[in-house]
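Working notes, beginning with the structure itself.
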Amino acid sequence: MHRLRVSHGAVALFSAVVMLGASAFVLQQAVRAQGAKGGQAPMFQVDPLWPKPLPNKWVIGSTIGLAIDSRDHVWVIHRPATIEDNEKAGTLKNGDCCFVAPQVIEFDPNGNVVSTFGGPGAGYEWPDSEHGIFVDNKDNIWISGNGAKDSHLLKFNRQGKFLLQIGHKGQSKGSNDLENVKMAANMEVDPAANELIVADGYGNKRVVVFDNDSGKYKRHWGAYGNRPDDTPLGAYDPAAKPAQQFRGPVHCASLAKDGLIYVCDRTGNRIQVFQKNGTYLKETFLSPRTLGSGAVWDIAFSTDAAQQFLYSADGLNNRVDVLLRQPLQHVTSFGQGGHMPGTFYGLHNVATDSRGNIYTVETWGGKRVQKFVFKGLGASQGPVMTVR
């Protein structure tokens, strides 16, 4: 565990240049809220100076997981294996910069790094390919991996002390296994039921639920609440009838305050909604003609009492889709492909803090975390895409 106290002094010239050119970095788009009071909807503005520069000349790889804790601290997990040699010259003793950061990084609300941990240790199997991260209501950290043999989940306390492992590396028996996962993507904890809800994932085609303390299996289900079936589905065809199984990866299982679970079927370009017991309720499709890596990567909710809005990360089209949550009605999107602040390359996850700010992380060559400040409600600009 690395506990840091870092002071980042602002470089006056750099700050002046950035602020003078802020108009080039601003992303402030109203979203059409049909049915919302007075046509008002949330607006966001990118903060180009968040987070602060990493200490110790650190660099990060594909930033593959994101979570917000009860203190509005932002936790990310990245993949050191994706950092190129010329990015880690210091680690390789080839130059002064740069050094590979630990896999798990905690930022405070001001963007300062306050702690890190990660990597192999006694008593647990670190994943071959880091993926998801979640901070539960007890401030414990859950981690998943999507390497070919990553059939397990890990639980640590916030200081990085190992607490629990569910499953074992290389032991998965498929989508109806009661002991192991297979290349799980993400997870969330339901505090009311003390249950761990897992989007499982890249290898399996299901949502699976475990006890949050003991790791004991409780239940699982597939698309439409069906029993999961690992029979290959063939290539995705936008004109075909929806598959009765998840195409996968089952990339998120996000729990709303009203107890509904929203599941990302990423390459199926769809969101399916379930009760906690796995009863299927409804679905919607986003950018249904998207092929390749798909259009539905992660889900977060607005922080008003009713969670009126749903935010969906689209990592292939590189934008955040905004929906009215209850009718699953798309209203607009923000973002585009690119490497400048406010744009995305490999948008992987989205999360909201208690003030309604949005955070994102990017995989592939994106390798970063961004903050979009909630600017209140404003006039709509109208929808910008078609949803089936």
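The chains in the structure tokens are called A, B, ... from first to last as shown; in each chain the residues are counted from 1, and the ligands are counted from 1 in the order shown.
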
Query raised in the report: Which residues in region 58-139 of chain A does DSSP call strand (DSSP E)? List them as a PyMOL selection string.
Result: chain A and resi 58-59+62-68+74-79+99-100+104-107+113-117+130-135

Report task. Do a neighbour search on Asp211 (chain A) at 9 Å with only C-alpha atoms, toss out local chain neighbours closer than 6 positions, and write the hits as a PyMOL selection string. Result -> chain A and resi 193-197+217-218

Just-selected residues, N, CA and C atoms written as a compact mmCIF listing (two decimals), in the first residue's frame:
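For reference, out28.txt as written:
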# COMPACT_ATOMS: atom_id res chain seq x y z
N ALA A 193 -29.41 -5.66 0.58
CA ALA A 193 -29.41 -7.13 0.63
C ALA A 193 -28.03 -7.68 0.98
N ASN A 194 -27.01 -6.81 1.05
CA ASN A 194 -25.63 -7.22 1.27
C ASN A 194 -25.20 -8.26 0.24
N GLU A 195 -25.50 -7.94 -1.03
CA GLU A 195 -25.19 -8.86 -2.13
C GLU A 195 -24.26 -8.20 -3.15
N LEU A 196 -23.40 -9.01 -3.72
CA LEU A 196 -22.51 -8.60 -4.79
C LEU A 196 -23.13 -9.02 -6.12
N ILE A 197 -23.42 -8.04 -6.99
CA ILE A 197 -24.05 -8.30 -8.28
C ILE A 197 -22.97 -8.18 -9.35
N TYR A 217 -22.45 -18.28 -3.32
CA TYR A 217 -23.34 -18.13 -4.47
C TYR A 217 -24.79 -18.02 -4.02
N LYS A 218 -25.58 -17.15 -4.71
CA LYS A 218 -26.99 -17.00 -4.39
C LYS A 218 -27.91 -17.26 -5.59

Query raised in the report: Which is closer to Glu84 (chain A) than all the others in A:Gly365, A:Pro228, A:Gly222, A:Gly123, using only C-alpha atoms?
Result: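 Result for the nearest residue to Glu84 (chain A): A:Gly365.
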
Query raised in the report: Leaving out region 305-322 of chain A and any residue of its chain fewer than 6 positions from it, which residues lie within 7 Å of it when counting only C-alpha atoms, given as a list of chain:residue names?
Result: A:Ser293, A:Gly294, A:Ala295, A:Val296, A:Trp297, A:Asp298, A:Ile299, A:His330, A:Val331, A:Thr332, A:Ser333, A:Phe334, A:Gly335, A:Gln336, A:Gly337, A:Phe344, A:Tyr345, A:Gly346, A:Leu347, A:His348, A:Asn349, A:Val350

**Report entry** Residue neighbourhood Ala184 (chain A), 7 Å, only C-alpha atoms, exclusion window fewer than 4 positions, as a list in words
**Finding:**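 Returned residues: Ser144, Gly145, Asn146, Ala199, Asp200, Gly201 and Tyr202 of chain A.
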
Keeping only N, CA and C atoms, write the selected residues as a tab-separated table (two decimals), in the first residue's frame.
chain	number	residue	atom	x	y	z
A	144	SER	N	-12.10	-7.17	-10.57
A	144	SER	CA	-12.28	-8.30	-11.48
A	144	SER	C	-11.22	-8.25	-12.57
A	145	GLY	N	-11.09	-9.37	-13.29
A	145	GLY	CA	-10.16	-9.43	-14.41
A	145	GLY	C	-10.81	-10.13	-15.58
A	146	ASN	N	-10.35	-9.81	-16.80
A	146	ASN	CA	-10.92	-10.47	-17.98
A	146	ASN	C	-9.86	-11.17	-18.81
A	199	ALA	N	-21.51	-8.55	-13.32
A	199	ALA	CA	-21.67	-8.65	-14.77
A	199	ALA	C	-20.62	-9.64	-15.26
A	200	ASP	N	-21.03	-10.84	-15.54
A	200	ASP	CA	-20.12	-11.98	-15.80
A	200	ASP	C	-20.45	-12.58	-17.16
A	201	GLY	N	-19.82	-12.20	-18.23
A	201	GLY	CA	-18.97	-11.09	-18.44
A	201	GLY	C	-18.44	-11.24	-19.85
A	202	TYR	N	-17.14	-11.49	-19.96
A	202	TYR	CA	-16.48	-11.70	-21.25
A	202	TYR	C	-16.48	-13.18	-21.63

Query raised in the report: Which residue gives the smallest distance to Leu328 (chain A) among A:Phe372, A:Trp142, A:Tyr236, A:Tyr262, with only C-alpha atoms counted?
Result: A:Tyr262

Report task. Could you check which of A:Pro327, A:Pro42, A:Pro238, A:Gly119 is closest to Ser287 (chain A), using only C-alpha atoms? Result ->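 The shortest atom-to-atom distance to Ser287 (chain A) comes from A:Pro238.
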
Query - Residue nearest Arg158 (chain A) among A:Lys173, A:His78, A:Lys138, A:Lys371 (counting only C-alpha atoms) - result: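 Comparing A:Lys173, A:His78, A:Lys138, A:Lys371 against Arg158 (chain A), the winner is A:Lys138.
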
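Interatomic distance, CA of Gly147 (chain A) to CA of Asn56 (chain A): 28.6 Å.
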